[in-house]
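In what follows, a single structure is set out as structure tokens and then discussed.
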Amino acid sequence: MEKSIHRETNRSNCEGKLQSQQNQNLNFETALNYMMKMRQFLSEPKKYTRFRANETWRSSGTSGSQCTERNAWAAIKGQSEVATFDDVARTAPEDFILDGIKYQSKFINGTNNTLKHVLEHFGKYQDSSMNYSIPKDQFNIIKAIRLGQAPSDLNDKSIRAILQKVEEIERQTGRSFQEIVKPSVSNYSDAQLGTVGETVSKHQDQIVDENQRIQDEIQKDAREKTKSIEAKKGPSIGEGVKLLVQQQQLRLH
């Protein structure tokens with residue numbers, strides 16, 4: 001009877017692993033669909049997004065691609081959509097909504113220029129609830145400068161200009177820089193029209209790697225559960241009787 005119980009437990013464990021793998025396959029498929037949308041946004045943003053007044057290809061394309069990639073990463077983990085611009089009005093100051101927070105995307109050539117555009121946008125709309133998304137590489141440059149580890153290719157004048165704008169953003173918004181300005185999922189170069197294929201392929205490879213990591217984790221968890229079941233499994237009734245007989249025989253000798 002005990003063997004039957006353990007067989008049933010092992011069968012249940014195998015079924016659980018299979019179900020987890022199937023669910024993850026669906027998550028992976030959903031994530032890849034988002035990556036296909038990302039390719040569309042970056043290659044033909046005019047077709048898939050609604051340009052606003054004075055909006056450039058880059059700002060429109062990056063807004064769409066940011067939403068799709070963030071949703072792809074959510075999907076691969078079995079989560080629902082986290083970003084959208086479907087309900088954003090054409091004249092709205094924000095580009096997209098992420099986790100319920102309004103975001104304006106600023107992808108400008110040069111870190112100092114990006115911060116300048118952030119200040120100009122805030123000065124125009126004065127929306128203290130707005131967050132700003134800037135290129136990931138530019139965000140990292142600012143972070144390094146603030147830690148006293150400025151890149152060697154930046155001169156003192158550029159460093160001072162960047163720090164001054166960071167301070168001005170904090171002064172005008174009343175919020176810390178890291179609270180109001182967030183790194184995008186992409187670097188500035190990723191948003192260039194000529195690098196669409198390379199950009200999507202790079203991000204898609206990362207999604208593929210993450211899916212493999214999750215699948216490996218499912219396998220690992222299943223193996224550990226099996227080991228745990230085996231460790232908890234006591235001797236069967238027959239094995240117990242046999243052991244008792246052996247002990248009795250040892251006493252007689």
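We name chains A, B, ... following the order of the structure tokens; residues begin at 1 in each chain, and ligands are numbered from 1 as shown.
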inquiry  = When DSSP is applied to the backbone of this structure, which of stretch 20-209 of chain A are assigned strand (DSSP E or B)? Write them out as an NGL selection string.
reply    = :A and (83-84 or 96-98 or 101-105 or 131-134 or 181-183)
Write the selection just made, keeping C-alpha atoms, as a PDB file, in the first residue's frame?
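This went into selection-v4.pdb:
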ATOM      1  CA  ALA A  83       2.956  48.580 -20.168  1.00  0.00           C
ATOM      2  CA  THR A  84       0.612  50.124 -22.723  1.00  0.00           C
ATOM      3  CA  PHE A  96       3.063  55.253 -22.344  1.00  0.00           C
ATOM      4  CA  ILE A  97       1.839  53.826 -19.040  1.00  0.00           C
ATOM      5  CA  LEU A  98       4.054  51.436 -17.075  1.00  0.00           C
ATOM      6  CA  ILE A 101       2.603  55.335 -13.919  1.00  0.00           C
ATOM      7  CA  LYS A 102       2.797  57.849 -16.767  1.00  0.00           C
ATOM      8  CA  TYR A 103       6.090  57.870 -18.682  1.00  0.00           C
ATOM      9  CA  GLN A 104       7.600  60.209 -21.227  1.00  0.00           C
ATOM     10  CA  SER A 105      10.369  58.671 -23.327  1.00  0.00           C
ATOM     11  CA  ASN A 131       8.344  59.652 -14.860  1.00  0.00           C
ATOM     12  CA  TYR A 132      10.918  59.857 -17.632  1.00  0.00           C
ATOM     13  CA  SER A 133      12.517  56.979 -19.487  1.00  0.00           C
ATOM     14  CA  ILE A 134      15.959  57.613 -20.963  1.00  0.00           C
ATOM     15  CA  VAL A 181      14.184  59.220 -14.240  1.00  0.00           C
ATOM     16  CA  LYS A 182      14.333  55.525 -15.088  1.00  0.00           C
ATOM     17  CA  PRO A 183      16.505  53.544 -17.506  1.00  0.00           C
TER      18      PRO A 183
END
request  = Find the residues near A:Gln126: any atom within 12 Å, counting only C-alpha atoms, skip ones fewer than 3 places away on the same chain, and give them as a ChimeraX atom specification.
outcome  = /A:93-94,118-123,129-131,169,172-174
inquiry  = What parts of stretch 130-219 of chain A does DSSP call helix (DSSP H, G or I)? I'd like the answer as a VMD selection string.
reply    = chain A and resid 136 to 146 156 to 173 177 to 180 188 to 191 193 to 219
request  = Have a look at atom CA of A:Gln24 and atom CA of A:Asp205 and let me know their distance in Å, one decimal.
outcome  = 16.5 Å
request  = Find the residues around A:Gln66 up to 9 Å (only C-alpha atoms counted), leave out those fewer than 5 positions away in its own chain, and share them as a PyMOL selection string.
outcome  = chain A and resi 38+61+71+83+96+184-186
Give me a file of those residues, with all heavy atoms, as an mmCIF file, in the first residue's frame.
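New file part-v2.cif:
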data_model
loop_
_atom_site.group_PDB
_atom_site.id
_atom_site.type_symbol
_atom_site.label_atom_id
_atom_site.label_comp_id
_atom_site.auth_asym_id
_atom_site.auth_seq_id
_atom_site.Cartn_x
_atom_site.Cartn_y
_atom_site.Cartn_z
ATOM 1 N N MET A 38 7.570 44.187 -31.373
ATOM 2 C CA MET A 38 8.678 45.122 -31.184
ATOM 3 C C MET A 38 9.386 45.387 -32.512
ATOM 4 O O MET A 38 9.739 46.527 -32.832
ATOM 5 C CB MET A 38 9.671 44.557 -30.168
ATOM 6 C CG MET A 38 10.856 45.471 -29.881
ATOM 7 S SD MET A 38 12.010 44.724 -28.710
ATOM 8 C CE MET A 38 13.277 46.010 -28.650
ATOM 9 N N GLY A 61 8.930 55.227 -31.992
ATOM 10 C CA GLY A 61 9.375 53.842 -32.077
ATOM 11 C C GLY A 61 9.822 53.285 -30.744
ATOM 12 O O GLY A 61 9.505 52.147 -30.395
ATOM 13 N N ASN A 71 6.529 44.026 -21.830
ATOM 14 C CA ASN A 71 5.459 43.032 -21.768
ATOM 15 C C ASN A 71 5.985 41.637 -22.098
ATOM 16 O O ASN A 71 5.486 40.639 -21.567
ATOM 17 C CB ASN A 71 4.329 43.411 -22.728
ATOM 18 C CG ASN A 71 3.520 44.590 -22.222
ATOM 19 O OD1 ASN A 71 3.461 44.853 -21.020
ATOM 20 N ND2 ASN A 71 2.899 45.323 -23.127
ATOM 21 N N ALA A 83 2.813 47.294 -19.482
ATOM 22 C CA ALA A 83 2.956 48.580 -20.168
ATOM 23 C C ALA A 83 1.998 48.680 -21.352
ATOM 24 O O ALA A 83 1.715 47.685 -22.021
ATOM 25 C CB ALA A 83 4.394 48.760 -20.656
ATOM 26 N N PHE A 96 3.619 56.561 -22.670
ATOM 27 C CA PHE A 96 3.063 55.253 -22.344
ATOM 28 C C PHE A 96 2.837 55.151 -20.841
ATOM 29 O O PHE A 96 3.282 56.012 -20.068
ATOM 30 C CB PHE A 96 3.983 54.119 -22.833
ATOM 31 C CG PHE A 96 5.365 54.113 -22.231
ATOM 32 C CD1 PHE A 96 5.661 53.337 -21.122
ATOM 33 C CD2 PHE A 96 6.395 54.865 -22.796
ATOM 34 C CE1 PHE A 96 6.934 53.317 -20.573
ATOM 35 C CE2 PHE A 96 7.676 54.848 -22.262
ATOM 36 C CZ PHE A 96 7.948 54.077 -21.147
ATOM 37 N N SER A 184 15.672 53.009 -19.681
ATOM 38 C CA SER A 184 14.896 52.251 -20.654
ATOM 39 C C SER A 184 15.419 50.821 -20.716
ATOM 40 O O SER A 184 16.466 50.500 -20.142
ATOM 41 C CB SER A 184 15.014 52.913 -22.030
ATOM 42 O OG SER A 184 14.515 52.071 -23.042
ATOM 43 N N VAL A 185 14.720 49.970 -21.420
ATOM 44 C CA VAL A 185 15.210 48.611 -21.645
ATOM 45 C C VAL A 185 16.276 48.595 -22.736
ATOM 46 O O VAL A 185 16.942 47.581 -22.939
ATOM 47 C CB VAL A 185 14.051 47.671 -22.043
ATOM 48 C CG1 VAL A 185 13.099 47.473 -20.887
ATOM 49 C CG2 VAL A 185 13.310 48.206 -23.260
ATOM 50 N N SER A 186 16.434 49.723 -23.438
ATOM 51 C CA SER A 186 17.356 49.782 -24.574
ATOM 52 C C SER A 186 18.376 50.901 -24.426
ATOM 53 O O SER A 186 18.131 51.899 -23.739
ATOM 54 C CB SER A 186 16.575 50.000 -25.878
ATOM 55 O OG SER A 186 15.631 48.984 -26.091
#
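With only C-alpha atoms as the atoms that count, the minimum distance from A:Asn25 to the choices A:Ala75, A:Asn140, A:Asn112, A:Phe41 is reached by A:Ala75.
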request  = Could you tell me which of A:Leu154, A:Ile142, A:Ile159, A:Val208 comes closest to A:Gln178 if we count only C-alpha atoms?
outcome  =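 Between A:Leu154, A:Ile142, A:Ile159, A:Val208, the residue approaching A:Gln178 most closely is A:Ile142.
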